[in-house]
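The structure file model-v7.tsv is reproduced below (TSV, C-alpha atoms).
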chain	number	residue	atom	x	y	z
P	1	MET	CA	-3.16	-7.38	-15.65
P	2	GLU	CA	-3.76	-11.09	-15.37
P	3	ALA	CA	-7.10	-12.65	-14.59
P	4	THR	CA	-7.19	-15.09	-11.70
P	5	PRO	CA	-9.62	-17.91	-10.89
P	6	LYS	CA	-11.98	-16.98	-8.07
P	7	VAL	CA	-14.38	-19.07	-5.99
P	8	GLU	CA	-17.61	-17.79	-4.47
P	9	PHE	CA	-18.33	-19.25	-1.05
P	10	LEU	CA	-20.92	-17.98	1.47
P	11	GLY	CA	-21.16	-14.69	-0.40
P	12	LEU	CA	-17.41	-14.08	-0.18
P	13	THR	CA	-15.01	-14.19	-3.10
P	14	PHE	CA	-11.85	-16.24	-2.65
P	15	ASP	CA	-8.89	-15.86	-5.01
P	16	VAL	CA	-7.51	-19.33	-5.81
P	17	THR	CA	-4.00	-18.00	-6.54
P	18	VAL	CA	-3.83	-16.43	-3.09
P	19	MET	CA	-4.79	-19.75	-1.51
P	20	ILE	CA	-2.15	-21.61	-3.57
P	21	GLY	CA	0.46	-18.99	-2.64
P	22	THR	CA	-0.41	-19.01	1.06
P	23	LEU	CA	-0.37	-22.80	1.19
P	24	PHE	CA	2.97	-22.93	-0.63
P	25	THR	CA	4.49	-20.37	1.75
P	26	ALA	CA	3.13	-22.07	4.84
P	27	VAL	CA	4.50	-25.45	3.75
P	28	ALA	CA	7.87	-23.90	2.85
P	29	VAL	CA	8.19	-22.18	6.25
P	30	PHE	CA	7.10	-25.36	8.04
P	31	LEU	CA	9.59	-27.56	6.17
P	32	LEU	CA	12.41	-25.05	6.66
P	33	THR	CA	11.97	-24.86	10.42
P	34	VAL	CA	11.21	-28.57	10.93
P	35	LEU	CA	14.18	-29.75	8.83
P	36	ALA	CA	16.46	-27.29	10.62
P	37	SER	CA	15.36	-28.45	14.08
P	38	ARG	CA	15.71	-32.22	13.42
P	39	GLY	CA	18.90	-33.52	15.01
P	40	LEU	CA	20.08	-30.35	16.72
P	41	GLN	CA	23.83	-30.24	17.21
P	42	MET	CA	26.20	-28.14	19.27
P	43	ARG	CA	28.22	-27.51	16.12
P	44	PRO	CA	25.38	-26.54	13.78
P	45	GLY	CA	25.23	-27.63	10.17
P	46	LYS	CA	24.40	-25.27	7.31
P	47	LEU	CA	20.60	-25.28	7.62
P	48	GLN	CA	20.58	-25.09	11.41
P	49	ASN	CA	23.04	-22.20	11.21
P	50	LEU	CA	20.81	-20.31	8.79
P	51	VAL	CA	17.67	-20.72	10.89
P	52	GLU	CA	19.58	-19.81	14.06
P	53	MET	CA	20.73	-16.63	12.30
P	54	ILE	CA	17.13	-15.78	11.38
P	55	ILE	CA	16.01	-16.41	14.98
P	56	GLU	CA	18.77	-14.13	16.30
P	57	PHE	CA	17.64	-11.52	13.78
P	58	ALA	CA	14.02	-11.77	14.99
P	59	ARG	CA	15.28	-11.56	18.59
P	60	GLY	CA	17.06	-8.33	17.63
P	61	ILE	CA	13.74	-6.94	16.35
P	62	THR	CA	11.84	-7.75	19.56
P	63	ARG	CA	14.70	-6.60	21.83
P	64	MET	CA	14.70	-3.27	19.99
P	65	THR	CA	11.09	-2.46	20.87
P	66	LEU	CA	10.15	-4.53	23.95
P	67	ASP	CA	11.72	-5.11	27.37
P	68	ALA	CA	13.71	-8.31	28.01
P	69	LYS	CA	10.83	-10.42	29.40
P	70	ASN	CA	8.30	-9.47	26.73
P	71	ALA	CA	10.95	-9.74	24.00
P	72	GLU	CA	11.23	-13.50	24.64
P	73	ARG	CA	7.45	-13.87	24.87
P	74	TYR	CA	6.80	-12.28	21.47
P	75	LEU	CA	9.86	-13.80	19.76
P	76	GLY	CA	7.78	-16.62	18.27
P	77	PHE	CA	5.21	-14.16	16.96
P	78	ALA	CA	7.86	-11.94	15.34
P	79	LEU	CA	9.73	-14.94	13.88
P	80	THR	CA	6.58	-16.47	12.35
P	81	LEU	CA	5.53	-13.14	10.85
P	82	PHE	CA	8.99	-12.43	9.47
P	83	LEU	CA	9.53	-15.88	7.92
P	84	PHE	CA	6.05	-15.98	6.36
P	85	ILE	CA	6.27	-12.52	4.79
P	86	LEU	CA	9.89	-13.00	3.72
P	87	ILE	CA	9.07	-16.14	1.74
P	88	ALA	CA	5.68	-14.89	0.52
P	89	ASN	CA	7.28	-11.72	-0.90
P	90	GLN	CA	9.75	-13.69	-3.00
P	91	LEU	CA	7.10	-15.85	-4.72
P	92	GLY	CA	6.53	-13.08	-7.28
P	93	ILE	CA	9.93	-13.92	-8.77
P	94	ILE	CA	8.52	-17.26	-9.97
P	95	MET	CA	6.52	-15.83	-12.83
P	96	MET	CA	4.66	-16.89	-15.94
P	97	VAL	CA	2.96	-19.78	-14.16
P	98	SER	CA	-0.28	-19.48	-16.09
P	99	ALA	CA	-2.84	-21.57	-17.91
P	100	GLU	CA	-4.38	-21.20	-21.37
P	101	VAL	CA	-8.14	-21.32	-20.90
P	102	HIS	CA	-10.21	-21.62	-24.08
P	103	HIS	CA	-13.62	-22.44	-22.63
P	104	PRO	CA	-15.29	-20.27	-19.97
P	105	ILE	CA	-15.49	-21.83	-16.48
P	106	PRO	CA	-18.24	-19.93	-14.64
P	107	ALA	CA	-17.62	-21.84	-11.38
P	108	LEU	CA	-14.15	-20.22	-11.13
P	109	GLY	CA	-15.36	-16.77	-12.15
P	110	LEU	CA	-13.84	-17.11	-15.63
P	111	THR	CA	-16.69	-15.86	-17.80
P	112	GLU	CA	-16.38	-15.12	-21.51
P	113	ASP	CA	-15.76	-11.35	-21.23
P	114	VAL	CA	-13.06	-11.86	-18.57
P	115	LEU	CA	-11.27	-14.38	-20.80
P	116	GLU	CA	-11.60	-12.14	-23.86
P	117	LYS	CA	-9.94	-9.27	-22.01
P	118	VAL	CA	-6.84	-11.29	-21.11
P	119	HIS	CA	-6.73	-13.45	-24.31
P	120	GLY	CA	-7.19	-16.68	-22.35
P	121	HIS	CA	-4.19	-16.19	-20.05
P	122	VAL	CA	-5.08	-17.05	-16.47
P	123	GLY	CA	-2.47	-16.61	-13.76
P	124	LEU	CA	-2.10	-19.45	-11.28
P	125	PHE	CA	0.70	-18.29	-9.01
P	126	LYS	CA	1.67	-15.00	-7.38
P	127	SER	CA	2.80	-13.55	-4.06
P	128	PRO	CA	-0.05	-13.78	-1.55
P	129	THR	CA	1.16	-10.41	-0.18
P	130	ALA	CA	0.50	-8.81	-3.60
P	131	ASP	CA	-3.22	-9.14	-2.79
P	132	ILE	CA	-4.53	-6.33	-0.60
P	133	ASN	CA	-6.98	-8.64	1.23
P	134	VAL	CA	-4.12	-10.68	2.68
P	135	THR	CA	-2.14	-7.72	4.03
P	136	VAL	CA	-5.25	-5.98	5.39
P	137	ALA	CA	-6.23	-9.19	7.17
P	138	MET	CA	-2.75	-9.50	8.71
P	139	ALA	CA	-2.60	-5.82	9.75
P	140	LEU	CA	-6.13	-5.93	11.23
P	141	ALA	CA	-5.33	-9.11	13.16
P	142	ILE	CA	-2.19	-7.49	14.59
P	143	ALA	CA	-4.06	-4.29	15.50
P	144	LEU	CA	-6.85	-6.24	17.22
P	145	TYR	CA	-4.29	-8.36	19.06
P	146	ALA	CA	-2.49	-5.21	20.26
P	147	HIS	CA	-5.77	-3.69	21.51
P	148	PHE	CA	-6.65	-6.99	23.21
P	149	LEU	CA	-3.28	-7.06	24.99
P	150	GLY	CA	-3.75	-3.44	26.10
P	151	ILE	CA	-7.21	-4.13	27.51
P	152	LYS	CA	-6.03	-7.36	29.17
P	153	LYS	CA	-3.16	-5.56	30.89
P	154	SER	CA	-5.31	-2.85	32.43
P	155	PRO	CA	-8.69	-1.69	31.05
P	156	LYS	CA	-8.45	1.57	33.02
P	157	ASP	CA	-5.02	2.50	31.68
P	158	TYR	CA	-6.10	1.50	28.18
P	159	LEU	CA	-9.03	3.93	28.23
P	160	ALA	CA	-7.05	6.64	30.05
P	161	HIS	CA	-4.26	6.73	27.48
P	162	TYR	CA	-6.69	7.98	24.83
P	163	PHE	CA	-7.15	11.19	26.85
P	164	LYS	CA	-3.46	11.88	27.41
P	165	PRO	CA	-1.83	14.38	27.54
P	166	PHE	CA	-4.95	16.53	26.93
P	167	LYS	CA	-8.63	15.60	26.80
P	168	TRP	CA	-9.23	16.94	23.27
P	169	MET	CA	-6.40	14.77	21.92
P	170	VAL	CA	-8.80	11.80	21.85
P	171	PHE	CA	-9.57	12.72	18.21
P	172	LEU	CA	-5.90	12.49	17.26
P	173	HIS	CA	-5.62	9.15	19.05
P	174	LEU	CA	-8.65	7.77	17.21
P	175	ILE	CA	-7.28	8.87	13.81
P	176	ASP	CA	-3.96	7.29	14.80
P	177	GLU	CA	-5.60	3.96	15.65
P	178	VAL	CA	-7.32	3.84	12.23
P	179	ALA	CA	-4.30	5.06	10.26
P	180	LYS	CA	-1.87	2.57	11.79
P	181	PRO	CA	-3.37	-0.70	10.41
P	182	THR	CA	-4.25	1.02	7.11
P	183	THR	CA	-0.72	2.19	6.35
P	184	HIS	CA	0.70	-1.02	7.82
P	185	ALA	CA	-1.24	-3.08	5.27
P	186	MET	CA	-0.86	-0.73	2.30
P	187	ARG	CA	2.91	-0.37	2.73
P	188	LEU	CA	3.50	-4.10	2.25
P	189	TRP	CA	0.84	-4.61	-0.43
P	190	ALA	CA	1.85	-1.63	-2.60
P	191	ASN	CA	5.54	-2.55	-2.61
P	192	ILE	CA	4.97	-6.14	-3.66
P	193	PHE	CA	2.11	-5.35	-6.06
P	194	ALA	CA	4.05	-2.59	-7.86
P	195	GLY	CA	7.04	-4.94	-8.14
P	196	GLU	CA	4.94	-7.70	-9.71
P	197	VAL	CA	3.22	-5.34	-12.16
P	198	MET	CA	6.63	-3.97	-13.20
P	199	ILE	CA	7.89	-7.53	-13.88
P	200	LEU	CA	4.73	-8.24	-15.88
P	201	ILE	CA	5.11	-5.04	-17.95
P	202	LEU	CA	8.77	-5.76	-18.68
P	203	LEU	CA	7.86	-9.30	-19.74
P	204	LYS	CA	4.89	-8.43	-21.92
P	205	PHE	CA	5.81	-5.15	-23.62
P	206	GLY	CA	9.46	-5.71	-24.38
P	207	THR	CA	11.66	-7.91	-26.53
P	208	PRO	CA	14.24	-10.03	-24.65
P	209	LEU	CA	17.05	-7.91	-26.14
P	210	VAL	CA	15.69	-4.61	-24.80
P	211	SER	CA	14.00	-5.55	-21.53
P	212	GLY	CA	16.19	-8.51	-20.51
P	213	ALA	CA	18.78	-6.55	-18.54
P	214	PRO	CA	16.24	-4.22	-16.82
P	215	LEU	CA	14.17	-7.29	-15.91
P	216	LEU	CA	17.15	-8.98	-14.21
P	217	ILE	CA	18.05	-5.78	-12.34
P	218	TRP	CA	14.46	-5.24	-11.28
P	219	MET	CA	14.14	-8.83	-10.06
P	220	ALA	CA	17.27	-8.44	-7.93
P	221	PHE	CA	15.86	-5.18	-6.59
P	222	SER	CA	12.51	-6.77	-5.77
P	223	LEU	CA	14.29	-9.52	-3.80
P	224	PHE	CA	15.88	-6.72	-1.77
P	225	VAL	CA	12.58	-4.82	-1.39
P	226	GLY	CA	10.80	-8.01	-0.30
P	227	ALA	CA	13.36	-8.60	2.48
P	228	ILE	CA	13.27	-4.96	3.65
P	229	GLN	CA	9.47	-4.88	3.69
P	230	ALA	CA	9.29	-8.16	5.66
P	231	TYR	CA	11.63	-6.59	8.22
P	232	ILE	CA	9.66	-3.32	8.39
P	233	PHE	CA	6.31	-5.10	8.70
P	234	THR	CA	7.64	-7.17	11.63
P	235	VAL	CA	9.25	-4.14	13.33
P	236	LEU	CA	6.01	-2.14	13.05
P	237	ALA	CA	3.96	-5.07	14.38
P	238	THR	CA	6.16	-5.30	17.50
P	239	VAL	CA	6.12	-1.50	17.86
P	240	TYR	CA	2.30	-1.45	17.79
P	241	ILE	CA	2.19	-4.19	20.44
P	242	SER	CA	4.81	-2.47	22.61
P	243	GLN	CA	2.83	0.79	22.50
P	244	LYS	CA	-0.09	-1.01	24.10
P	245	ILE	CA	1.75	-3.05	26.73
P	246	SER	CA	4.62	-0.75	27.79
P	247	ASP	CA	4.35	0.98	31.17
P	248	GLU	CA	5.27	4.52	30.14
P	249	HIS	CA	1.80	5.83	29.38
M	1	MET	CA	-9.11	10.27	-18.70
M	2	SER	CA	-7.91	7.33	-16.59
M	3	ILE	CA	-4.62	7.33	-18.52
M	4	LEU	CA	-4.11	10.99	-17.58
M	5	ALA	CA	-5.04	10.34	-13.95
M	6	GLY	CA	-2.72	7.33	-13.68
M	7	GLY	CA	0.10	9.24	-15.34
M	8	ILE	CA	-0.24	12.16	-12.92
M	9	MET	CA	-0.35	9.84	-9.89
M	10	ILE	CA	2.74	7.89	-10.92
M	11	GLY	CA	4.62	11.03	-11.96
M	12	LEU	CA	3.96	12.89	-8.71
M	13	ALA	CA	4.92	9.78	-6.74
M	14	ALA	CA	8.23	9.60	-8.59
M	15	LEU	CA	8.83	13.31	-7.92
M	16	ALA	CA	8.12	12.95	-4.20
M	17	ALA	CA	10.17	9.77	-3.88
M	18	GLY	CA	13.10	11.48	-5.61
M	19	VAL	CA	13.04	14.43	-3.20
M	20	GLY	CA	12.58	12.20	-0.14
M	21	ASN	CA	15.31	9.72	-1.03
M	22	GLY	CA	17.64	12.55	-2.02
M	23	LEU	CA	17.22	14.18	1.40
M	24	LEU	CA	17.65	10.85	3.18
M	25	PHE	CA	20.83	9.80	1.40
M	26	SER	CA	22.41	13.27	1.45
M	27	ARG	CA	22.14	13.17	5.25
M	28	TYR	CA	23.46	9.61	5.26
M	29	LEU	CA	26.52	10.65	3.21
M	30	GLU	CA	27.07	13.64	5.52
M	31	GLY	CA	26.94	11.27	8.45
M	32	ILE	CA	29.53	8.83	7.09
M	33	THR	CA	31.89	11.66	6.06
M	34	ARG	CA	31.83	12.97	9.60
M	35	GLN	CA	32.06	9.55	11.24
M	36	PRO	CA	33.35	6.91	8.79
M	37	GLU	CA	33.40	4.30	11.58
M	38	ALA	CA	29.60	4.57	11.99
M	39	ARG	CA	29.06	3.46	8.41
M	40	GLY	CA	27.69	0.00	9.21
M	41	THR	CA	25.02	1.08	11.67
M	42	LEU	CA	24.10	4.15	9.61
M	43	PHE	CA	23.65	2.01	6.49
M	44	GLY	CA	21.17	-0.26	8.27
M	45	GLN	CA	19.24	2.70	9.68
M	46	ALA	CA	19.23	4.44	6.28
M	47	MET	CA	17.81	1.33	4.62
M	48	ILE	CA	15.02	1.03	7.20
M	49	THR	CA	14.17	4.70	6.75
M	50	LEU	CA	14.25	4.18	3.00
M	51	GLY	CA	11.64	1.46	3.39
M	52	LEU	CA	9.45	3.74	5.49
M	53	VAL	CA	9.86	6.75	3.15
M	54	GLU	CA	9.29	4.69	0.00
M	55	ALA	CA	5.94	3.44	1.30
M	56	LEU	CA	3.87	6.53	0.51
M	57	PRO	CA	5.03	7.04	-3.12
M	58	ILE	CA	4.74	3.29	-3.76
M	59	ILE	CA	1.14	3.31	-2.48
M	60	SER	CA	0.44	6.16	-4.91
M	61	ILE	CA	2.11	4.19	-7.72
M	62	ALA	CA	0.09	1.06	-6.91
M	63	PHE	CA	-3.18	3.01	-7.06
M	64	GLY	CA	-1.90	4.77	-10.18
M	65	ILE	CA	-1.40	1.38	-11.85
M	66	LEU	CA	-4.90	0.30	-10.80
M	67	VAL	CA	-6.38	3.49	-12.30
M	68	LEU	CA	-4.22	3.24	-15.43
M	69	PHE	CA	-5.38	-0.30	-16.20
M	70	LYS	CA	-8.98	0.70	-15.36
M	71	ILE	CA	-9.33	-1.76	-12.49
M	72	ILE	CA	-10.74	0.91	-10.17
M	73	GLY	CA	-12.12	4.41	-10.73

Can you turn what I pasted into structure tokens?
Amino acid sequence: MEATPKVEFLGLTFDVTVMIGTLFTAVAVFLLTVLASRGLQMRPGKLQNLVEMIIEFARGITRMTLDAKNAERYLGFALTLFLFILIANQLGIIMMVSAEVHHPIPALGLTEDVLEKVHGHVGLFKSPTADINVTVAMALAIALYAHFLGIKKSPKDYLAHYFKPFKWMVFLHLIDEVAKPTTHAMRLWANIFAGEVMILILLKFGTPLVSGAPLLIWMAFSLFVGAIQAYIFTVLATVYISQKISDEH
Amino acid sequence: MSILAGGIMIGLAALAAGVGNGLLFSRYLEGITRQPEARGTLFGQAMITLGLVEALPIISIAFGILVLFKIIG
């Protein structure tokens, strides 16, 4: 495992690599959408075509789970989530961006025993979604947003649905509400984290002759996994919102 | 001890993922033999289900790695 520079601020620990990764992803998503929407044409060029395809894809996700009016309202939410996670998941492919640190830097959490453990190699770049704090924060935000929408729609219905269909089922509902954000976060994190560790192991403990081909195959597979997990995370987010705002219960 | 624990976690996850994916894709193959024209839609659905099924073993593998490299536990 690689050591990463960390900053202490107000009693909280911030991972610098996560901040670099998040910033990089945010800028990439921003540039992609802004460049694609400059000079819109009826006969779209390559970039506009690509982004229009992604938007149609996100519209498919929201249409699948929400009714027509709400599908358009949450299209922006689904699209932002999908694009961010899709690009963030692929950052793990850019590997070996690391620094050789010979002198301990206590301000960045790089003390002597940490450096000794990793032989001076300090990672500077990784997928932000390979850090559990990022995915838990996203899943918690989505869960809170879903609860907020449910309460805003009708506080009475929101409370009543916990006691349906039977009164004692409130325990099952409460377990459900805790389990949903937990698995939502862990599903994304574990997939990306396991993929990155596998790439690291293949790089460190193999010669190019032996582990070269498996590394290429695994990298192709992790591109695929990253896309699938971005899709699943977005689908589940819209499902959790639709459970709270649909009229059935 | 942590090597043993990590090994057991990763091994059991692989076992469970093998059984789960085997069940999933055997049903998928049955489906496309019965209705070859539904192949496109079934493939998409199978891949989504694969992502959902894979989540639990991969969570176990991720924690197995953390235990193996003595980051937690």

*asked:* So that I can see what lies close to Ala160 (chain P), please list as a count of residues only the residues with an atom at most 12 Å from it, counting only C-alpha atoms and leaving out residues fewer than 3 positions away in the same chain.
replied: 16

Draw an axis-aligned box over all listed atoms of region 39-55 of chain M, pad each side with 4 Å, and write its centre and edge lengths in Å, one decimal, as JSON.
{"center_x": 17.5, "center_y": 3.2, "center_z": 5.8, "size_x": 31.1, "size_y": 15.0, "size_z": 19.7}

_At a cut-off of 12 Å, which residues of chain P touch chain M? Count only C-alpha atoms and give the answer as a PyMOL selection string._
chain P and resi 1-3+117+130-132+182-198+201+224-236

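Of note, CA of Leu29 (chain M) and CA of Thr41 (chain M) are spaced 12.9 Å apart.
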
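Neighbours of Ser211 (chain P) closer than or equal to 12 Å, with all atoms listed in the file counted and sequence neighbours fewer than 6 positions away skipped, come out as Met198, Ile199, Leu200, Ile201, Leu202, Leu203, Lys204, Phe205, Ile217, Trp218 and Met219 of chain P.
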
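Counting all atoms listed in the file, the residue from P:Val239, P:Ala58, P:Leu174, P:Val29 that sits nearest to Glu72 (chain P) is P:Ala58.
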
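Non-sequential neighbours of Leu144 (chain P) (distance at most 12 Å, separation of 5 or more positions within a chain, all atoms listed in the file) are Val136, Ala137, Met138, Ala139, Leu149, Gly150, Ile151, Glu177, Val178, Lys180, Pro181, Ala237, Tyr240, Ile241 and Lys244 of chain P.
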
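Taking all atoms listed in the file into account, Ile55 (chain P) lies nearest to P:Phe82 out of the set P:Ile175, P:Ser222, P:Phe82, P:Gly123.
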
*Would you mind listing what lies within 12 Å of Leu12 (chain P) as a ChimeraX atom specification, with only C-alpha atoms counted and same-chain residues fewer than 5 positions away left out?*
/P:6-7,133

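Taking CA of Ser37 (chain P) and CA of Phe57 (chain P) as the two end points, the separation is 17.1 Å.
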
_Using all atoms listed in the file, which protein or nucleic acid residues come within 8 Å of Ala46 (chain M)? Drop anything in the same chain fewer than 3 positions from it, and give the result as a list in words._
Leu24, Phe25, Tyr28, Leu42, Phe43, Thr49 and Leu50 of chain M

Would you please take chain M of the structure in the block above and write C-alpha atoms to a file as a short mmCIF file (atom, residue, chain, number, x, y, z; two decimals), in the first residue's frame?
data_model
loop_
_atom_site.label_atom_id
_atom_site.label_comp_id
_atom_site.auth_asym_id
_atom_site.auth_seq_id
_atom_site.Cartn_x
_atom_site.Cartn_y
_atom_site.Cartn_z
CA MET M 1 -2.82 -14.30 12.00
CA SER M 2 -3.85 -11.38 9.78
CA ILE M 3 -2.49 -13.24 6.74
CA LEU M 4 -4.74 -16.20 7.58
CA ALA M 5 -7.74 -13.93 8.14
CA GLY M 6 -7.19 -12.04 4.89
CA GLY M 7 -6.69 -15.27 2.98
CA ILE M 8 -9.94 -16.75 4.31
CA MET M 9 -11.89 -13.56 3.52
CA ILE M 10 -10.61 -13.33 -0.04
CA GLY M 11 -11.02 -17.06 -0.64
CA LEU M 12 -14.62 -17.20 0.59
CA ALA M 13 -15.44 -14.11 -1.46
CA ALA M 14 -14.07 -15.78 -4.58
CA LEU M 15 -16.11 -18.92 -3.81
CA ALA M 16 -19.33 -16.95 -3.34
CA ALA M 17 -18.72 -14.80 -6.41
CA GLY M 18 -18.10 -17.93 -8.49
CA VAL M 19 -21.39 -19.52 -7.40
CA GLY M 20 -23.35 -16.27 -7.83
CA ASN M 21 -21.97 -15.42 -11.26
CA GLY M 22 -22.37 -19.02 -12.39
CA LEU M 23 -26.06 -18.98 -11.47
CA LEU M 24 -26.57 -15.58 -13.10
CA PHE M 25 -24.93 -16.44 -16.42
CA SER M 26 -26.42 -19.94 -16.63
CA ARG M 27 -29.87 -18.32 -16.48
CA TYR M 28 -28.76 -15.70 -19.00
CA LEU M 29 -27.62 -18.42 -21.44
CA GLU M 30 -30.90 -20.30 -20.91
CA GLY M 31 -32.73 -17.09 -21.70
CA ILE M 32 -30.91 -16.40 -24.97
CA THR M 33 -31.27 -20.03 -26.13
CA ARG M 34 -35.01 -19.79 -25.66
CA GLN M 35 -35.33 -16.30 -27.14
CA PRO M 36 -32.27 -15.41 -29.26
CA GLU M 37 -33.91 -12.12 -30.30
CA ALA M 38 -33.92 -10.90 -26.66
CA ARG M 39 -30.14 -11.12 -26.50
CA GLY M 40 -29.45 -7.38 -26.49
CA THR M 41 -31.80 -6.46 -23.65
CA LEU M 42 -30.89 -9.57 -21.64
CA PHE M 43 -27.17 -8.76 -21.95
CA GLY M 44 -27.69 -5.30 -20.49
CA GLN M 45 -29.82 -6.64 -17.65
CA ALA M 46 -27.31 -9.43 -16.95
CA MET M 47 -24.47 -6.90 -16.73
CA ILE M 48 -26.40 -4.71 -14.28
CA THR M 49 -27.21 -7.74 -12.15
CA LEU M 50 -23.56 -8.76 -12.35
CA GLY M 51 -22.62 -5.38 -10.90
CA LEU M 52 -25.12 -5.80 -8.07
CA VAL M 53 -24.09 -9.42 -7.32
CA GLU M 54 -20.36 -8.64 -7.49
CA ALA M 55 -20.70 -5.93 -4.84
CA LEU M 56 -20.83 -8.19 -1.78
CA PRO M 57 -17.81 -10.41 -2.61
CA ILE M 58 -15.82 -7.33 -3.69
CA ILE M 59 -16.57 -5.63 -0.35
CA SER M 60 -15.26 -8.77 1.37
CA ILE M 61 -12.16 -8.72 -0.85
CA ALA M 62 -11.53 -5.03 -0.11
CA PHE M 63 -11.69 -5.65 3.64
CA GLY M 64 -9.60 -8.79 3.14
CA ILE M 65 -6.90 -6.68 1.48
CA LEU M 66 -7.04 -4.15 4.33
CA VAL M 67 -6.62 -6.97 6.88
CA LEU M 68 -3.91 -8.68 4.83
CA PHE M 69 -1.78 -5.54 4.64
CA LYS M 70 -2.46 -4.85 8.35
CA ILE M 71 -4.19 -1.52 7.74
CA ILE M 72 -7.13 -2.46 9.98
CA GLY M 73 -7.70 -5.20 12.54
#
